[in-house]
Amino acid sequence: MWSDHFDLQRPFNGLKVLDLSSVLAGPLTGTFFAELGAQVIKIENKLTDGDATRQWKLSSEDPDAPYSAYYFSANYGKEIILMDLTDQQERLALEKMIEEADVVISNFQKKTASKLDLEPDTLLKKYPNLIMAQLSAYEYDDPRPGYDLVMQGETGWISMTGTDADHLSKLPVAIVDIIAAHQLKEAILISMLSKSKTGKGNVAYVSLFKSSISALANQASNYLMVGHVPKPIGTLHPNIAPYGDIFVTQDEKKLILAIGSDAQFKKLWFTLNLEKENYNIFGSNSQRLKHRSSLVQLIQEKIGNLNFEIIAPFLNQNDLPYCLIDDMKAVFENPLAMQMVKTSHTNGVVAKAVSSVAFSFPNV
């Protein structure tokens, strides 16, 4: 039973979550609850040696290891049980777990759920207090499988990512899965709020496709309102300049600017000591977008003659948003990033991953 005593640091103490999902979106959702105090039991298919991501290893990983680094990114703090759900005794054991659970997370396709008698509405009828979170590729009744790559392609992400039409790219993390995990968490939290008021459980359906569409944000509105079909433009922002433009310093550091307003641009212009008589050509954002290439050339000529250690203090003093383009090694040399690292021990394996929780309550 979810505890009546509310602890902001571990708010889900006493909550029992049964995670029947696999790969990334569902497991990430289970990890969120585990990190915040819930008891999370993850059921994996014994017949396939567990979650498929156990085998998603880099070439540098031990091919005989029972887990991959990828697997640990989404399965922190859980009790892992391998089960054969076609076995009658193990199926009965699972039924007992469902009966005792507050939340069940599943990404079974409908045909699989039907075969195992684990369809969401069926479970809710048997256990009316249950919160059932069902993830599907498109809609629950749609039999098509879906993976993050397919969704990135089908919902426009790949068409916008890369440098040009001949050099397309996908995002290097499974961004649609991650967005869907957030939607799953939100759906479960709303269901918990509803249950606290009505005493009843419910089924929440989440779609990878719709989750991806929901995250298109300004790119969707650019199309819906003015018919703009975005093309791949690398790191550049289609609506703002210089935003996403990359400049190389004299000491070959790659610096990216994120100038989001005319006021910021004015400070940048005079911080870099660019010629006053040319300022009016680029004074407004619409002008900067129109003359982006010549603007970038002017800024590059200035920055290219200075070392990063010379430029950085001036940008900092004027509160101008910028960054170096860090690789993963540099990222985790940052103490703030290291605060997000969690370590666990699973069957003798020391696992490290980043937390799915990026908020804190320091005054509690």
# chains A, B, ... in the order shown; residues from 1 in each chain; ligands from 1
$ select_by_dssp --residues "stretch 98-157 of chain A" --states "strand (DSSP E or B)" --output "ChimeraX atom specification"
/A:103-106,131-136
$ write_last_selection --atoms "C-alpha atoms" --output "compact mmCIF listing (two decimals), in the first residue's frame"
# COMPACT_ATOMS: atom_id res chain seq x y z
CA VAL A 103 0.72 -0.07 -11.08
CA VAL A 104 1.42 -2.36 -14.02
CA ILE A 105 3.51 -1.17 -16.98
CA SER A 106 3.28 -3.11 -20.23
CA ILE A 131 -3.47 1.46 -12.59
CA MET A 132 -2.52 -0.07 -15.93
CA ALA A 133 -0.08 1.83 -18.18
CA GLN A 134 -0.06 0.41 -21.71
CA LEU A 135 2.52 1.53 -24.26
CA SER A 136 1.99 0.84 -27.96
$ residues_around --residues "A:His182" --least-positions-apart "3" --cutoff "9 Å" --atoms "only C-alpha atoms" --output "mmCIF file with N, CA and C atoms, in the first residue's frame"
data_model
loop_
_atom_site.group_PDB
_atom_site.id
_atom_site.type_symbol
_atom_site.label_atom_id
_atom_site.label_comp_id
_atom_site.auth_asym_id
_atom_site.auth_seq_id
_atom_site.Cartn_x
_atom_site.Cartn_y
_atom_site.Cartn_z
ATOM 1 N N ALA A 25 11.423 2.645 -23.253
ATOM 2 C CA ALA A 25 10.419 3.578 -22.742
ATOM 3 C C ALA A 25 9.751 3.067 -21.465
ATOM 4 N N LEU A 28 12.332 2.653 -18.530
ATOM 5 C CA LEU A 28 12.709 3.953 -17.972
ATOM 6 C C LEU A 28 11.640 4.466 -17.015
ATOM 7 N N THR A 29 10.393 4.213 -17.347
ATOM 8 C CA THR A 29 9.288 4.631 -16.481
ATOM 9 C C THR A 29 9.366 3.894 -15.150
ATOM 10 N N ASP A 177 11.555 7.160 -27.519
ATOM 11 C CA ASP A 177 11.346 6.314 -26.346
ATOM 12 C C ASP A 177 11.402 7.135 -25.064
ATOM 13 N N ILE A 178 12.349 8.053 -24.997
ATOM 14 C CA ILE A 178 12.502 8.867 -23.793
ATOM 15 C C ILE A 178 11.301 9.789 -23.605
ATOM 16 N N ILE A 179 10.832 10.386 -24.701
ATOM 17 C CA ILE A 179 9.637 11.235 -24.629
ATOM 18 C C ILE A 179 8.425 10.404 -24.207
ATOM 19 N N LYS A 185 4.963 8.281 -17.487
ATOM 20 C CA LYS A 185 5.037 8.755 -16.106
ATOM 21 C C LYS A 185 3.890 9.719 -15.809
ATOM 22 N N GLU A 186 3.667 10.656 -16.724
ATOM 23 C CA GLU A 186 2.607 11.638 -16.511
ATOM 24 C C GLU A 186 1.241 10.964 -16.432
ATOM 25 N N ALA A 187 1.026 9.990 -17.306
ATOM 26 C CA ALA A 187 -0.260 9.280 -17.300
ATOM 27 C C ALA A 187 -0.457 8.520 -15.996
ATOM 28 N N SER A 211 3.433 10.359 -28.905
ATOM 29 C CA SER A 211 4.430 10.993 -28.034
ATOM 30 C C SER A 211 5.430 11.777 -28.873
#
$ atom_distance --atom1 "atom CA of A:Thr198" --atom2 "atom CA of A:Ser114"
28.4 Å
$ atom_distance --atom1 "atom CA of A:Asp19" --atom2 "atom CA of A:Ile41"
5.9 Å
$ residues_around --residues "A:Leu216" --least-positions-apart "5" --cutoff "12 Å" --atoms "only C-alpha atoms" --output "PyMOL selection string"
chain A and resi 152+155-158+160+175-176+179+209-211+221-224+230
$ closest_residue --among "A:Asp121, A:Glu79, A:Glu301, A:Glu139" --to "A:Gly30" --atoms "only C-alpha atoms"
A:Glu79
$ atom_distance --atom1 "atom CA of A:Glu35" --atom2 "atom CA of A:Tyr147"
25.5 Å
$ residues_around --residues "A:Leu94" --least-positions-apart "5" --cutoff "12 Å" --atoms "only C-alpha atoms" --output "PyMOL selection string"
chain A and resi 18-20+41-44+81-89+99-101+104+116-118
$ decode --residues "stretch 97-125 of chain A" --atoms "N, CA and C atoms" --output "compact mmCIF listing (two decimals), in the first residue's frame"
# COMPACT_ATOMS: atom_id res chain seq x y z
N MET A 97 1.31 -11.43 -8.32
CA MET A 97 2.02 -10.15 -8.34
C MET A 97 1.11 -9.02 -8.83
N ILE A 98 0.32 -9.32 -9.87
CA ILE A 98 -0.60 -8.30 -10.40
C ILE A 98 -1.63 -7.93 -9.35
N GLU A 99 -2.12 -8.92 -8.65
CA GLU A 99 -3.13 -8.69 -7.61
C GLU A 99 -2.59 -7.76 -6.52
N GLU A 100 -1.29 -7.86 -6.23
CA GLU A 100 -0.69 -7.06 -5.16
C GLU A 100 -0.15 -5.72 -5.66
N ALA A 101 -0.09 -5.52 -6.98
CA ALA A 101 0.51 -4.32 -7.54
C ALA A 101 -0.44 -3.13 -7.50
N ASP A 102 0.14 -1.94 -7.39
CA ASP A 102 -0.61 -0.70 -7.56
C ASP A 102 -0.60 -0.25 -9.02
N VAL A 103 0.54 -0.51 -9.69
CA VAL A 103 0.72 -0.07 -11.08
C VAL A 103 1.33 -1.21 -11.87
N VAL A 104 0.82 -1.42 -13.09
CA VAL A 104 1.42 -2.36 -14.02
C VAL A 104 1.79 -1.61 -15.29
N ILE A 105 3.02 -1.78 -15.74
CA ILE A 105 3.51 -1.17 -16.98
C ILE A 105 3.71 -2.26 -18.00
N SER A 106 3.16 -2.08 -19.20
CA SER A 106 3.28 -3.11 -20.23
C SER A 106 3.47 -2.47 -21.60
N ASN A 107 4.26 -3.13 -22.44
CA ASN A 107 4.30 -2.75 -23.86
C ASN A 107 4.05 -3.98 -24.74
N PHE A 108 3.30 -4.96 -24.19
CA PHE A 108 2.90 -6.10 -25.01
C PHE A 108 2.03 -5.63 -26.17
N GLN A 109 2.26 -6.18 -27.35
CA GLN A 109 1.31 -5.96 -28.43
C GLN A 109 -0.01 -6.66 -28.07
N LYS A 110 -1.09 -6.19 -28.66
CA LYS A 110 -2.41 -6.72 -28.30
C LYS A 110 -2.48 -8.24 -28.49
N LYS A 111 -1.91 -8.75 -29.58
CA LYS A 111 -2.00 -10.18 -29.83
C LYS A 111 -1.26 -10.98 -28.76
N THR A 112 -0.15 -10.44 -28.26
CA THR A 112 0.59 -11.12 -27.20
C THR A 112 -0.15 -11.02 -25.88
N ALA A 113 -0.66 -9.83 -25.57
CA ALA A 113 -1.41 -9.65 -24.34
C ALA A 113 -2.64 -10.54 -24.31
N SER A 114 -3.31 -10.66 -25.46
CA SER A 114 -4.50 -11.52 -25.54
C SER A 114 -4.14 -12.98 -25.30
N LYS A 115 -3.05 -13.41 -25.90
CA LYS A 115 -2.59 -14.79 -25.74
C LYS A 115 -2.27 -15.10 -24.28
N LEU A 116 -1.72 -14.12 -23.58
CA LEU A 116 -1.32 -14.32 -22.18
C LEU A 116 -2.41 -13.92 -21.19
N ASP A 117 -3.58 -13.50 -21.72
CA ASP A 117 -4.68 -13.03 -20.88
C ASP A 117 -4.24 -11.83 -20.03
N LEU A 118 -3.51 -10.92 -20.66
CA LEU A 118 -3.00 -9.74 -19.96
C LEU A 118 -3.43 -8.44 -20.64
N GLU A 119 -4.59 -8.49 -21.30
CA GLU A 119 -5.08 -7.27 -21.93
C GLU A 119 -5.46 -6.24 -20.86
N PRO A 120 -5.20 -4.97 -21.10
CA PRO A 120 -5.43 -3.95 -20.08
C PRO A 120 -6.85 -3.94 -19.50
N ASP A 121 -7.86 -3.95 -20.37
CA ASP A 121 -9.24 -3.91 -19.87
C ASP A 121 -9.59 -5.16 -19.07
N THR A 122 -9.04 -6.30 -19.47
CA THR A 122 -9.27 -7.55 -18.74
C THR A 122 -8.71 -7.45 -17.34
N LEU A 123 -7.49 -6.92 -17.22
CA LEU A 123 -6.86 -6.78 -15.90
C LEU A 123 -7.62 -5.79 -15.03
N LEU A 124 -8.10 -4.70 -15.63
CA LEU A 124 -8.83 -3.71 -14.83
C LEU A 124 -10.14 -4.28 -14.32
N LYS A 125 -10.81 -5.11 -15.09
CA LYS A 125 -12.04 -5.74 -14.63
C LYS A 125 -11.78 -6.67 -13.45
